[in-house]
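Visitor: Hey, dropping protein.txt in here, compact mmCIF, C-alpha atoms and all ligand atoms:
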# COMPACT_ATOMS: atom_id res chain seq x y z
CA MET J 1 64.32 30.45 -45.84
CA LYS J 2 62.46 27.90 -47.93
CA ILE J 3 58.69 27.53 -47.80
CA LEU J 4 56.84 24.38 -48.90
CA ILE J 5 53.26 24.63 -50.16
CA VAL J 6 51.36 21.34 -50.36
CA GLY J 7 48.72 20.91 -53.08
CA ASN J 8 48.21 21.48 -56.80
CA GLY J 9 45.23 23.83 -57.22
CA GLY J 10 44.59 27.52 -57.73
CA ARG J 11 44.65 28.08 -53.98
CA GLU J 12 48.17 26.66 -53.81
CA HIS J 13 49.36 28.80 -56.75
CA ALA J 14 48.01 31.86 -54.90
CA LEU J 15 49.66 30.76 -51.62
CA ALA J 16 53.00 30.23 -53.38
CA TRP J 17 52.71 33.61 -55.12
CA VAL J 18 52.10 35.56 -51.88
CA CYS J 19 54.75 33.59 -49.96
CA LEU J 20 57.39 34.67 -52.52
CA ARG J 21 57.02 38.21 -51.17
CA GLY J 22 57.64 37.15 -47.55
CA ALA J 23 60.67 38.68 -45.82
CA GLY J 24 63.66 36.32 -45.99
CA VAL J 25 61.98 33.84 -48.34
CA SER J 26 64.60 32.45 -50.74
CA GLU J 27 62.51 29.85 -52.55
CA VAL J 28 59.00 28.39 -52.52
CA LEU J 29 58.60 24.68 -53.20
CA VAL J 30 55.22 23.26 -54.22
CA ALA J 31 54.33 19.58 -53.89
CA PRO J 32 53.20 18.64 -56.48
CA GLY J 33 52.10 22.00 -57.99
CA ASN J 34 50.85 22.73 -61.50
CA ALA J 35 52.03 24.51 -64.67
CA GLY J 36 51.45 27.89 -63.03
CA THR J 37 53.72 27.20 -60.08
CA ALA J 38 56.23 25.48 -62.42
CA THR J 39 56.66 28.70 -64.40
CA GLU J 40 56.61 31.22 -61.52
CA ALA J 41 60.10 32.69 -60.89
CA GLY J 42 61.36 31.65 -57.46
CA VAL J 43 59.00 28.68 -57.25
CA ARG J 44 59.94 25.02 -57.85
CA ASN J 45 57.59 22.07 -58.19
CA VAL J 46 58.55 18.81 -56.53
CA PRO J 47 56.78 15.61 -57.62
CA VAL J 48 55.46 14.51 -54.22
CA ALA J 49 51.72 13.89 -53.88
CA ALA J 50 49.79 16.04 -51.39
CA THR J 51 48.67 12.92 -49.50
CA ASP J 52 52.14 11.27 -49.36
CA ILE J 53 52.90 12.27 -45.77
CA ALA J 54 56.17 10.31 -45.55
CA GLY J 55 57.30 11.81 -48.86
CA LEU J 56 56.44 15.35 -47.70
CA LEU J 57 58.35 14.85 -44.45
CA ALA J 58 61.38 13.55 -46.32
CA LEU J 59 61.20 16.51 -48.72
CA ALA J 60 60.94 19.09 -45.92
CA ARG J 61 63.94 17.53 -44.14
CA ALA J 62 66.08 17.16 -47.27
CA GLU J 63 65.46 20.76 -48.39
CA GLY J 64 65.70 22.32 -44.92
CA VAL J 65 62.20 23.80 -45.28
CA ALA J 66 61.47 26.41 -42.57
CA LEU J 67 57.68 26.42 -42.96
CA THR J 68 55.20 24.11 -44.66
CA ILE J 69 51.68 25.33 -45.48
CA ILE J 70 49.04 22.73 -46.32
CA GLY J 71 46.50 23.70 -49.00
CA PRO J 72 43.89 20.90 -49.32
CA GLU J 73 41.87 19.06 -46.69
CA ALA J 74 42.84 15.45 -47.46
CA PRO J 75 46.38 15.54 -45.96
CA LEU J 76 45.06 17.51 -42.94
CA VAL J 77 42.35 14.93 -42.28
CA ALA J 78 45.04 12.24 -42.70
CA GLY J 79 47.20 13.85 -39.97
CA VAL J 80 50.03 15.57 -41.89
CA VAL J 81 50.39 18.32 -39.25
CA ASP J 82 50.71 15.80 -36.41
CA ALA J 83 53.42 13.95 -38.38
CA PHE J 84 55.39 17.17 -39.02
CA GLN J 85 55.03 18.24 -35.38
CA ALA J 86 56.27 14.86 -34.16
CA ALA J 87 59.32 15.34 -36.40
CA GLY J 88 59.94 18.85 -34.99
CA LEU J 89 59.05 20.60 -38.27
CA LYS J 90 56.89 23.72 -38.60
CA CYS J 91 53.69 22.99 -40.50
CA PHE J 92 50.77 25.43 -40.66
CA GLY J 93 47.41 23.72 -40.48
CA PRO J 94 45.10 22.04 -37.95
CA SER J 95 45.85 18.74 -36.24
CA GLN J 96 44.05 15.60 -37.36
CA ALA J 97 41.68 15.95 -34.39
CA CYS J 98 40.77 19.53 -35.39
CA ALA J 99 40.45 18.60 -39.08
CA GLN J 100 37.38 16.57 -38.11
CA LEU J 101 35.58 19.91 -38.38
CA GLU J 102 35.74 19.29 -42.12
CA GLY J 103 36.18 15.52 -42.19
CA SER J 104 33.01 14.71 -40.25
CA LYS J 105 29.83 16.79 -40.49
CA ALA J 106 28.32 14.69 -37.68
CA PHE J 107 31.28 15.66 -35.43
CA THR J 108 30.88 19.34 -36.34
CA LYS J 109 27.12 19.44 -35.74
CA GLU J 110 27.53 17.79 -32.32
CA PHE J 111 30.37 20.21 -31.47
CA LEU J 112 28.30 23.26 -32.52
CA ARG J 113 25.26 22.10 -30.56
CA ARG J 114 27.28 21.36 -27.42
CA HIS J 115 28.91 24.79 -27.49
CA GLY J 116 25.74 26.71 -28.39
CA ILE J 117 27.11 27.99 -31.71
CA PRO J 118 24.33 28.91 -34.20
CA THR J 119 23.69 26.37 -36.97
CA ALA J 120 20.74 24.59 -38.63
CA ALA J 121 18.74 22.19 -36.44
CA TYR J 122 19.66 18.60 -37.36
CA ARG J 123 19.85 14.92 -36.58
CA SER J 124 22.50 12.46 -37.69
CA PHE J 125 21.95 8.79 -38.47
CA THR J 126 23.67 5.59 -39.41
CA ARG J 127 21.72 2.86 -41.19
CA ALA J 128 21.30 1.10 -37.84
CA ASP J 129 19.60 4.01 -36.05
CA TYR J 130 17.85 5.78 -38.96
CA ASP J 131 14.48 7.19 -37.86
CA ALA J 132 12.32 7.49 -40.99
CA ALA J 133 9.30 8.54 -38.91
CA TRP J 134 11.23 11.55 -37.55
CA LEU J 135 12.28 12.54 -41.07
CA ARG J 136 8.70 12.27 -42.38
CA ALA J 137 7.52 14.58 -39.58
CA GLN J 138 9.90 17.38 -40.74
CA ARG J 139 9.03 20.27 -43.01
CA ALA J 140 10.64 20.33 -46.48
CA PRO J 141 12.93 21.47 -47.95
CA LEU J 142 15.47 19.42 -46.02
CA VAL J 143 19.22 19.26 -46.50
CA VAL J 144 20.76 15.78 -46.56
CA LYS J 145 24.54 15.51 -46.14
CA ALA J 146 26.98 12.64 -46.29
CA SER J 147 29.00 13.12 -43.09
CA GLY J 148 32.44 12.33 -44.51
CA LEU J 149 34.61 13.96 -47.19
CA ALA J 150 32.78 13.82 -50.54
CA ALA J 151 34.73 16.39 -52.59
CA GLY J 152 32.01 19.01 -52.13
CA LYS J 153 29.37 16.76 -53.69
CA GLY J 154 27.80 15.09 -50.67
CA VAL J 155 25.04 17.67 -50.06
CA VAL J 156 21.53 17.30 -51.47
CA ILE J 157 18.80 19.89 -50.98
CA ALA J 158 15.61 17.80 -51.02
CA ALA J 159 12.42 19.63 -52.02
CA THR J 160 10.16 17.01 -50.38
CA VAL J 161 10.41 14.60 -47.46
CA ASP J 162 10.11 11.69 -49.94
CA GLU J 163 13.16 12.95 -51.82
CA ALA J 164 15.02 13.43 -48.52
CA HIS J 165 14.19 9.86 -47.46
CA ALA J 166 15.29 8.48 -50.85
CA THR J 167 18.55 10.47 -50.64
CA VAL J 168 19.28 9.12 -47.15
CA GLN J 169 18.77 5.58 -48.47
CA GLU J 170 21.07 6.23 -51.46
CA MET J 171 23.78 7.55 -49.15
CA PHE J 172 23.51 4.48 -46.91
CA SER J 173 23.77 2.37 -50.06
CA GLY J 174 27.17 3.84 -50.87
CA ARG J 175 26.48 6.65 -53.35
CA PHE J 176 29.32 8.59 -51.70
CA GLY J 177 31.26 5.58 -50.49
CA ASP J 178 32.24 5.56 -46.82
CA ALA J 179 31.43 9.29 -46.57
CA GLY J 180 27.72 8.38 -46.51
CA ALA J 181 27.87 5.74 -43.76
CA THR J 182 26.69 8.51 -41.43
CA VAL J 183 24.17 11.02 -42.76
CA VAL J 184 23.18 14.43 -41.39
CA VAL J 185 19.65 15.69 -42.07
CA GLU J 186 19.16 19.37 -41.34
CA GLU J 187 16.84 22.32 -41.61
CA PHE J 188 17.08 24.42 -44.80
CA LEU J 189 18.40 27.89 -43.96
CA GLU J 190 17.30 31.01 -45.83
CA GLY J 191 19.65 33.92 -46.40
CA GLU J 192 22.83 34.85 -48.22
CA GLU J 193 26.01 32.82 -47.94
CA ALA J 194 29.42 34.24 -47.16
CA SER J 195 32.84 32.72 -46.64
CA PHE J 196 34.41 33.84 -43.37
CA ILE J 197 38.04 32.79 -43.19
CA VAL J 198 40.45 33.34 -40.32
CA MET J 199 43.90 32.18 -39.30
CA ALA J 200 44.13 30.85 -35.76
CA ASP J 201 46.98 30.19 -33.31
CA GLY J 202 45.12 27.93 -30.89
CA ARG J 203 43.40 30.79 -29.03
CA THR J 204 43.34 33.92 -31.15
CA ALA J 205 41.77 34.35 -34.60
CA LEU J 206 42.92 36.90 -37.12
CA PRO J 207 40.17 37.41 -39.71
CA PHE J 208 40.93 37.58 -43.42
CA ALA J 209 39.02 39.88 -45.74
CA SER J 210 35.49 38.59 -46.40
CA SER J 211 34.62 36.81 -49.63
CA GLN J 212 31.82 35.05 -51.43
CA ASP J 213 32.04 32.22 -53.92
CA HIS J 214 29.69 30.92 -56.62
CA LYS J 215 29.05 27.20 -56.27
CA ARG J 216 26.73 26.53 -59.22
CA ILE J 217 28.08 25.86 -62.70
CA GLY J 218 25.69 28.14 -64.58
CA ASP J 219 24.93 31.84 -64.86
CA GLY J 220 22.23 33.02 -62.48
CA ASP J 221 23.29 30.34 -59.96
CA THR J 222 21.74 27.47 -61.94
CA GLY J 223 22.81 23.89 -62.59
CA PRO J 224 24.84 21.48 -60.49
CA ASN J 225 27.13 22.41 -57.60
CA THR J 226 30.86 22.64 -58.28
CA GLY J 227 34.00 23.22 -56.24
CA GLY J 228 33.47 26.93 -56.99
CA MET J 229 33.24 28.88 -60.27
CA GLY J 230 34.46 32.23 -59.01
CA ALA J 231 34.76 34.44 -55.94
CA TYR J 232 35.19 38.03 -54.93
CA SER J 233 36.39 39.99 -51.92
CA PRO J 234 35.15 41.89 -50.00
CA ALA J 235 31.58 40.51 -49.77
CA PRO J 236 29.17 43.38 -49.07
CA VAL J 237 26.83 41.01 -47.16
CA VAL J 238 29.53 40.93 -44.46
CA THR J 239 28.92 44.43 -43.11
CA PRO J 240 30.99 45.58 -40.11
CA ALA J 241 28.05 44.52 -37.88
CA VAL J 242 27.85 41.02 -39.46
CA HIS J 243 31.63 40.73 -39.21
CA ALA J 244 31.52 41.54 -35.49
CA ARG J 245 28.72 39.00 -34.92
CA ALA J 246 30.55 36.29 -36.90
CA MET J 247 33.65 36.78 -34.75
CA ARG J 248 31.74 36.95 -31.45
CA GLU J 249 29.02 34.33 -32.07
CA VAL J 250 30.87 31.84 -34.28
CA ILE J 251 34.66 32.08 -34.50
CA GLU J 252 35.54 32.96 -30.89
CA PRO J 253 33.27 30.31 -29.28
CA THR J 254 34.55 27.75 -31.81
CA LEU J 255 38.20 28.35 -30.86
CA ALA J 256 37.31 28.45 -27.16
CA GLY J 257 35.24 25.25 -27.48
CA LEU J 258 37.99 23.38 -29.30
CA ALA J 259 40.57 24.49 -26.73
CA ALA J 260 38.23 23.44 -23.89
CA ASP J 261 37.80 20.06 -25.62
CA GLY J 262 41.59 19.65 -25.53
CA MET J 263 42.21 20.28 -29.24
CA PRO J 264 43.32 23.90 -29.80
CA TYR J 265 43.01 24.92 -33.46
CA THR J 266 45.97 26.27 -35.42
CA GLY J 267 45.68 26.96 -39.15
CA PHE J 268 43.27 28.49 -41.61
CA LEU J 269 39.66 28.03 -40.54
CA TYR J 270 36.90 28.59 -43.06
CA ALA J 271 33.34 29.08 -41.86
CA GLY J 272 30.66 28.84 -44.54
CA LEU J 273 27.98 31.10 -43.05
CA MET J 274 24.35 31.74 -43.88
CA ILE J 275 23.50 35.35 -43.05
CA ASP J 276 19.78 35.89 -42.49
CA ALA J 277 17.83 39.07 -43.22
CA ALA J 278 18.52 40.34 -39.68
CA GLY J 279 22.27 39.88 -40.12
CA ALA J 280 22.50 36.81 -37.87
CA PRO J 281 25.19 34.29 -38.93
CA ARG J 282 24.68 30.52 -38.81
CA VAL J 283 27.33 27.91 -39.60
CA ILE J 284 26.60 25.86 -42.75
CA GLU J 285 29.94 24.13 -42.70
CA TYR J 286 33.51 24.37 -41.56
CA ASN J 287 36.50 23.78 -43.77
CA CYS J 288 39.87 23.22 -42.15
CA ARG J 289 41.78 25.09 -44.87
CA PHE J 290 41.59 28.14 -47.10
CA GLY J 291 38.75 28.11 -49.63
CA ASP J 292 39.34 27.65 -53.35
CA PRO J 293 38.59 29.94 -55.26
CA GLU J 294 38.23 32.33 -52.29
CA ALA J 295 42.00 32.16 -51.68
CA GLN J 296 42.78 33.52 -55.14
CA ALA J 297 40.55 36.59 -54.65
CA VAL J 298 41.43 37.20 -50.98
CA LEU J 299 45.20 36.66 -51.33
CA ALA J 300 45.28 38.99 -54.36
CA ARG J 301 44.42 41.73 -51.81
CA LEU J 302 46.88 40.66 -49.09
CA ARG J 303 49.55 43.24 -48.23
CA SER J 304 50.98 41.56 -45.12
CA ASP J 305 53.76 38.96 -44.95
CA LEU J 306 51.96 35.59 -44.95
CA PRO J 307 54.91 33.35 -43.93
CA ALA J 308 55.61 35.69 -40.99
CA LEU J 309 51.95 35.47 -39.93
CA CYS J 310 51.97 31.64 -40.20
CA LEU J 311 55.16 31.45 -38.09
CA ALA J 312 53.59 33.81 -35.51
CA ALA J 313 50.49 31.60 -35.41
CA LEU J 314 52.62 28.48 -34.88
CA ALA J 315 54.28 30.28 -31.94
CA GLY J 316 50.83 31.18 -30.49
CA GLU J 317 51.54 34.88 -31.08
CA LEU J 318 48.71 36.22 -33.23
CA ALA J 319 47.21 38.36 -30.43
CA GLY J 320 47.61 42.05 -31.22
CA ARG J 321 48.54 41.49 -34.87
CA THR J 322 46.57 42.78 -37.83
CA ILE J 323 46.49 41.94 -41.53
CA GLU J 324 46.77 44.71 -44.11
CA TRP J 325 44.65 44.64 -47.26
CA ASP J 326 44.69 46.34 -50.60
CA ALA J 327 41.64 48.63 -50.40
CA ARG J 328 40.59 47.55 -53.89
CA ALA J 329 38.12 44.72 -54.53
CA ALA J 330 39.33 41.50 -56.16
CA LEU J 331 37.25 39.16 -58.31
CA GLY J 332 38.26 35.77 -59.71
CA VAL J 333 36.61 33.93 -62.63
CA VAL J 334 37.23 30.18 -62.88
CA LEU J 335 37.76 28.70 -66.33
CA ALA J 336 36.69 25.06 -66.24
CA ALA J 337 37.19 22.18 -68.66
CA GLY J 338 34.35 20.98 -70.88
CA GLY J 339 32.03 18.59 -69.01
CA TYR J 340 32.89 19.93 -65.54
CA PRO J 341 31.59 19.19 -62.86
CA GLY J 342 31.10 15.77 -64.50
CA ASP J 343 33.76 13.85 -66.44
CA VAL J 344 36.10 16.24 -68.20
CA ARG J 345 38.42 16.04 -71.17
CA LEU J 346 42.06 16.52 -70.26
CA GLY J 347 45.23 17.32 -72.19
CA ASP J 348 43.91 20.23 -74.28
CA GLU J 349 46.44 22.95 -75.05
CA ILE J 350 45.75 26.38 -73.51
CA SER J 351 46.56 29.47 -75.56
CA GLY J 352 46.48 33.18 -74.78
CA LEU J 353 48.23 32.97 -71.40
CA GLU J 354 51.04 35.34 -72.52
CA ALA J 355 48.51 37.92 -73.72
CA ALA J 356 46.68 37.67 -70.38
CA ALA J 357 49.96 37.97 -68.45
CA ALA J 358 50.56 41.38 -70.08
CA LEU J 359 47.31 42.73 -68.56
CA PRO J 360 46.79 43.94 -64.98
CA GLY J 361 45.66 41.24 -62.53
CA LYS J 362 46.79 37.64 -62.22
CA VAL J 363 45.85 34.32 -63.79
CA PHE J 364 46.28 31.55 -61.21
CA HIS J 365 46.59 27.99 -62.50
CA ALA J 366 44.66 25.04 -61.07
CA GLY J 367 44.20 21.98 -63.31
CA THR J 368 47.15 22.60 -65.64
CA ALA J 369 50.29 20.65 -66.52
CA LEU J 370 53.33 21.20 -68.73
CA ARG J 371 53.66 18.87 -71.73
CA ASP J 372 56.61 19.41 -74.06
CA GLY J 373 56.88 22.96 -72.80
CA ARG J 374 53.20 23.68 -73.48
CA VAL J 375 50.49 24.32 -70.90
CA VAL J 376 47.65 21.80 -71.14
CA THR J 377 44.49 21.13 -69.11
CA SER J 378 44.81 18.47 -66.39
CA GLY J 379 41.73 18.92 -64.19
CA GLY J 380 38.14 20.16 -63.96
CA ARG J 381 38.89 23.67 -62.78
CA VAL J 382 41.72 24.87 -65.01
CA LEU J 383 42.46 28.54 -64.28
CA CYS J 384 41.23 31.40 -62.12
CA ALA J 385 41.61 34.91 -63.59
CA VAL J 386 41.69 37.56 -60.85
CA GLY J 387 41.13 41.26 -61.54
CA LEU J 388 41.33 44.17 -59.09
CA GLY J 389 39.38 47.42 -59.11
CA ALA J 390 38.13 50.23 -56.92
CA ARG J 391 34.74 48.50 -56.80
CA VAL J 392 33.59 44.92 -57.41
CA ALA J 393 32.15 46.01 -60.79
CA GLU J 394 35.59 47.26 -61.90
CA ALA J 395 37.34 44.16 -60.58
CA GLN J 396 34.81 42.13 -62.60
CA ARG J 397 35.70 44.05 -65.80
CA ALA J 398 39.42 43.50 -65.17
CA ALA J 399 38.89 39.76 -64.55
CA TYR J 400 36.88 39.24 -67.75
CA ALA J 401 39.51 41.21 -69.69
CA LEU J 402 42.02 38.56 -68.52
CA VAL J 403 39.65 35.74 -69.56
CA ALA J 404 39.10 37.15 -73.08
CA PRO J 405 42.37 36.06 -74.78
CA ILE J 406 42.48 32.60 -73.13
CA ARG J 407 41.34 29.64 -75.24
CA PHE J 408 41.15 25.88 -74.84
CA GLN J 409 38.84 23.24 -76.24
CA GLY J 410 35.54 23.11 -74.34
CA ALA J 411 36.41 25.97 -71.97
CA GLN J 412 33.45 27.12 -69.86
CA TYR J 413 33.09 29.92 -67.34
CA ARG J 414 30.36 31.97 -65.76
CA HIS J 415 29.67 35.45 -67.09
CA ASP J 416 28.13 36.88 -63.92
CA ILE J 417 30.66 36.38 -61.11
CA GLY J 418 30.01 39.06 -58.49
CA HIS J 419 26.40 39.68 -59.53
CA ARG J 420 25.07 39.85 -55.97
CA ALA J 421 27.67 42.38 -54.87
CA ILE J 422 27.19 44.46 -58.01
CA ALA J 423 23.41 44.43 -57.47
CA ARG J 424 24.11 45.88 -54.02
CA GLY J 425 26.05 48.67 -55.70
CA ALA J 426 29.53 47.39 -54.76
P1 LIG J 501 28.33 22.23 -47.64
O1 LIG J 501 29.15 21.19 -48.35
O2 LIG J 501 27.88 21.86 -46.27
O3 LIG J 501 28.93 23.60 -47.73
O4 LIG J 501 27.01 22.43 -48.53
C1 LIG J 501 27.10 22.81 -49.88
C2 LIG J 501 26.10 23.88 -50.18
O5 LIG J 501 24.78 23.44 -49.86
C3 LIG J 501 26.29 25.13 -49.33
O6 LIG J 501 27.25 26.00 -49.87
C4 LIG J 501 24.89 25.72 -49.34
O7 LIG J 501 24.67 26.42 -50.55
C5 LIG J 501 24.02 24.52 -49.34
N1 LIG J 501 23.58 24.19 -47.97
C6 LIG J 501 24.18 23.36 -47.11
N2 LIG J 501 23.51 23.30 -45.95
C7 LIG J 501 22.45 24.11 -46.07
C8 LIG J 501 21.36 24.48 -45.21
N3 LIG J 501 21.21 23.94 -43.99
N4 LIG J 501 20.44 25.37 -45.68
C9 LIG J 501 20.56 25.89 -46.92
N5 LIG J 501 21.55 25.57 -47.78
C10 LIG J 501 22.49 24.70 -47.37
Take the structure in the file and give it back as structure tokens.

Guide:
Amino acid sequence: MKILIVGNGGREHALAWVCLRGAGVSEVLVAPGNAGTATEAGVRNVPVAATDIAGLLALARAEGVALTIIGPEAPLVAGVVDAFQAAGLKCFGPSQACAQLEGSKAFTKEFLRRHGIPTAAYRSFTRADYDAAWLRAQRAPLVVKASGLAAGKGVVIAATVDEAHATVQEMFSGRFGDAGATVVVEEFLEGEEASFIVMADGRTALPFASSQDHKRIGDGDTGPNTGGMGAYSPAPVVTPAVHARAMREVIEPTLAGLAADGMPYTGFLYAGLMIDAAGAPRVIEYNCRFGDPEAQAVLARLRSDLPALCLAALAGELAGRTIEWDARAALGVVLAAGGYPGDVRLGDEISGLEAAAALPGKVFHAGTALRDGRVVTSGGRVLCAVGLGARVAEAQRAAYALVAPIRFQGAQYRHDIGHRAIARGA
């Protein structure tokens, strides 16, 4: 059977790579893919954009694709799963209605409040009903969020109420385009963040191994936020007790609430959680897809057959199943282009990939393209080098050994991925 992966990042390279191992999988197509998927045996890139829903449908029909897995949020928010379903094609991901969990922070906050699921206290505003007096009565720091999709950039942690007020005004004035027409202002939560990712079949959630990513560009968690500069799995902050609470207090009531609201959730569901000192989880955000770079670290540990699990989820048959994991830890280091997360230079040749390929672990491609048979940079986050080891510290050594031979103009990466886990002795 043929599998189609939609997207062109490191997450999609990792998805394609694990799907190749699925029982009965003859070929994996990636639309549009990158240089990593282009050069993976058994994988074929097809030049259809991830947001071209009609093009993806036509491709799936023409190639007789048995299962499509959507990587990024944009096509999900645009309704790609509904379109595939209407055409009688199997497509793993949430419906457009469910994808609002990522597409609208105002929707998510109202949903969480209504169903009693723990999250930061908040209010949401449009320009017409903005209550500056309420905001000025709050205690700083405050977190100000553009409600819509803002490519991970629409969140500002304001140190003072004046800064929060100014940020709200900027968002209303179009700093994040339409995404800022509605703004959420919420309480600042203390604790340690963890990524809690599950796959869901409408009723039942099957949890993936825990992970943690590093959002800031600089060592020591400094500098601007990015899409993610590295990740590791498992995350020691997610102890068995925290895991049980996250399932019971967050994931299960979320699936039950969505089903009760008439929109059962099928697909990957990513909860960004803040875990406080007592081990209580609160929802910071939901994503309606696998995280990137969490996917690269988590999927490097996957032993189970992912296409079979996705097909079981689409049939509503996840209950009673389990996922098997490599007992080792995995750690991924993102190599980004010069200037990232701002404007980046593109088209620089990447060397050292063959030397890295001879080492244990795996280098997943993200912003790469083939030009005259050479691999060149084509995006902000370029590669993610994933190492495995008995402990996070050993996985970290293996990952940086993969990074060492790789060169391109302006390359930047963090040198401390996994520092929190390693400080905990993992
Ligand atoms: P989001 O796009 O909602 O994940 O926010 C981006 C980042 O901002 C998160 O990964 C957190 O580090 C931080 N953040 C968001 N909301 C809060 C909050 N209520 N309290 C503390 N930090 C937050």

Visitor: Show me which residues line ligand LIG 501 (chain J), defined as having an atom within 10 Å of a ligand atom where only C-alpha atoms and all ligand atoms count, and present them as an mmCIF file with C-alpha atoms, keeping the file's coordinate frame.

Guide:
data_model
loop_
_atom_site.group_PDB
_atom_site.id
_atom_site.type_symbol
_atom_site.label_atom_id
_atom_site.label_comp_id
_atom_site.auth_asym_id
_atom_site.auth_seq_id
_atom_site.Cartn_x
_atom_site.Cartn_y
_atom_site.Cartn_z
ATOM 1 C CA GLU J 102 35.740 19.290 -42.120
ATOM 2 C CA LYS J 105 29.830 16.790 -40.490
ATOM 3 C CA THR J 119 23.690 26.370 -36.970
ATOM 4 C CA ALA J 120 20.740 24.590 -38.630
ATOM 5 C CA ALA J 121 18.740 22.190 -36.440
ATOM 6 C CA TYR J 122 19.660 18.600 -37.360
ATOM 7 C CA PRO J 141 12.930 21.470 -47.950
ATOM 8 C CA LEU J 142 15.470 19.420 -46.020
ATOM 9 C CA VAL J 143 19.220 19.260 -46.500
ATOM 10 C CA VAL J 144 20.760 15.780 -46.560
ATOM 11 C CA LYS J 145 24.540 15.510 -46.140
ATOM 12 C CA ALA J 146 26.980 12.640 -46.290
ATOM 13 C CA SER J 147 29.000 13.120 -43.090
ATOM 14 C CA LEU J 149 34.610 13.960 -47.190
ATOM 15 C CA ALA J 150 32.780 13.820 -50.540
ATOM 16 C CA ALA J 151 34.730 16.390 -52.590
ATOM 17 C CA GLY J 152 32.010 19.010 -52.130
ATOM 18 C CA LYS J 153 29.370 16.760 -53.690
ATOM 19 C CA GLY J 154 27.800 15.090 -50.670
ATOM 20 C CA VAL J 155 25.040 17.670 -50.060
ATOM 21 C CA VAL J 156 21.530 17.300 -51.470
ATOM 22 C CA ILE J 157 18.800 19.890 -50.980
ATOM 23 C CA VAL J 184 23.180 14.430 -41.390
ATOM 24 C CA VAL J 185 19.650 15.690 -42.070
ATOM 25 C CA GLU J 186 19.160 19.370 -41.340
ATOM 26 C CA GLU J 187 16.840 22.320 -41.610
ATOM 27 C CA PHE J 188 17.080 24.420 -44.800
ATOM 28 C CA LEU J 189 18.400 27.890 -43.960
ATOM 29 C CA GLU J 190 17.300 31.010 -45.830
ATOM 30 C CA GLY J 191 19.650 33.920 -46.400
ATOM 31 C CA GLU J 192 22.830 34.850 -48.220
ATOM 32 C CA GLU J 193 26.010 32.820 -47.940
ATOM 33 C CA ALA J 194 29.420 34.240 -47.160
ATOM 34 C CA SER J 195 32.840 32.720 -46.640
ATOM 35 C CA ASP J 213 32.040 32.220 -53.920
ATOM 36 C CA HIS J 214 29.690 30.920 -56.620
ATOM 37 C CA LYS J 215 29.050 27.200 -56.270
ATOM 38 C CA ARG J 216 26.730 26.530 -59.220
ATOM 39 C CA ASN J 225 27.130 22.410 -57.600
ATOM 40 C CA THR J 226 30.860 22.640 -58.280
ATOM 41 C CA GLY J 227 34.000 23.220 -56.240
ATOM 42 C CA GLY J 228 33.470 26.930 -56.990
ATOM 43 C CA ALA J 271 33.340 29.080 -41.860
ATOM 44 C CA GLY J 272 30.660 28.840 -44.540
ATOM 45 C CA LEU J 273 27.980 31.100 -43.050
ATOM 46 C CA MET J 274 24.350 31.740 -43.880
ATOM 47 C CA ARG J 282 24.680 30.520 -38.810
ATOM 48 C CA VAL J 283 27.330 27.910 -39.600
ATOM 49 C CA ILE J 284 26.600 25.860 -42.750
ATOM 50 C CA GLU J 285 29.940 24.130 -42.700
ATOM 51 C CA TYR J 286 33.510 24.370 -41.560
ATOM 52 C CA ASN J 287 36.500 23.780 -43.770
#

Visitor: Which polymer residues have any atom within 6 Å of an atom of range 291-299 of chain J, counting all atoms listed in the file, with same-chain residues fewer than 2 positions away left out, as an NGL selection string?

Guide: :J and (11 or 14 or 231-233 or 301-302 or 330-332)

Visitor: Could you give me, as a short mmCIF file (atom, residue, chain, number, x, y, z; two decimals) with C-alpha atoms, keeping the file's coordinate frame, the residues that have an atom at most 9 Å away from the point (65.5, 28.2, -58.2) in the coordinates of the file, using all atoms listed in the file?

Guide:
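Saved file part.cif follows:
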data_model
loop_
_atom_site.label_atom_id
_atom_site.label_comp_id
_atom_site.auth_asym_id
_atom_site.auth_seq_id
_atom_site.Cartn_x
_atom_site.Cartn_y
_atom_site.Cartn_z
CA SER J 26 64.60 32.45 -50.74
CA GLU J 27 62.51 29.85 -52.55
CA VAL J 28 59.00 28.39 -52.52
CA ALA J 41 60.10 32.69 -60.89
CA GLY J 42 61.36 31.65 -57.46
CA VAL J 43 59.00 28.68 -57.25
CA ARG J 44 59.94 25.02 -57.85
#

Visitor: Please indicate the distance in Å from CA of Ala246 in chain J to CA of Pro307 in chain J, rounded to one decimal place.

Guide: 25.5 Å

Visitor: So, counting only C-alpha atoms, which residue among J:Gly7, J:Gly418, J:Ala60, J:Arg424 is closest to Asp221 in chain J?

Guide: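 Smallest distance to Asp221 in chain J is found for J:Gly418.
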
Visitor: Step by step, gather every atom of range 120-129 of chain J that the file lists, find the box along x, y and z that holds them, add 8 Å on each side, and finally give centre and edge lengths in Å to one decimal, as AutoDock Vina command-line options.

Guide:
--center_x 21.2 --center_y 12.8 --center_z -38.6 --size_x 20.9 --size_y 39.5 --size_z 21.1

Visitor: Enumerate, in order of chain and increasing residue number, the residues of range 327-350 of chain J with an atom no farther than 12 Å from range 397-407 of chain J, each with its shortest atom pair and distance in Å to one decimal, counting all atoms listed in the file, as a tab-separated table.

Guide:
residue	atom	partner	partner_atom	distance
J:Ala329	CA	J:Ala398	CA	10.8
J:Ala330	CA	J:Ala399	CA	8.6
J:Leu331	CA	J:Ala399	CA	6.5
J:Gly332	CA	J:Ala399	CA	6.3
J:Val333	CA	J:Ala399	CA	6.5
J:Val334	CA	J:Val403	CA	9.0
J:Leu335	CA	J:Val403	CA	8.0
J:Ala336	CA	J:Arg407	CA	11.1
J:Ala337	CA	J:Arg407	CA	10.8
J:Gly338	CA	J:Arg407	CA	12.0
J:Asp348	CA	J:Arg407	CA	9.8
J:Glu349	CA	J:Arg407	CA	8.4
J:Ile350	CA	J:Arg407	CA	5.8
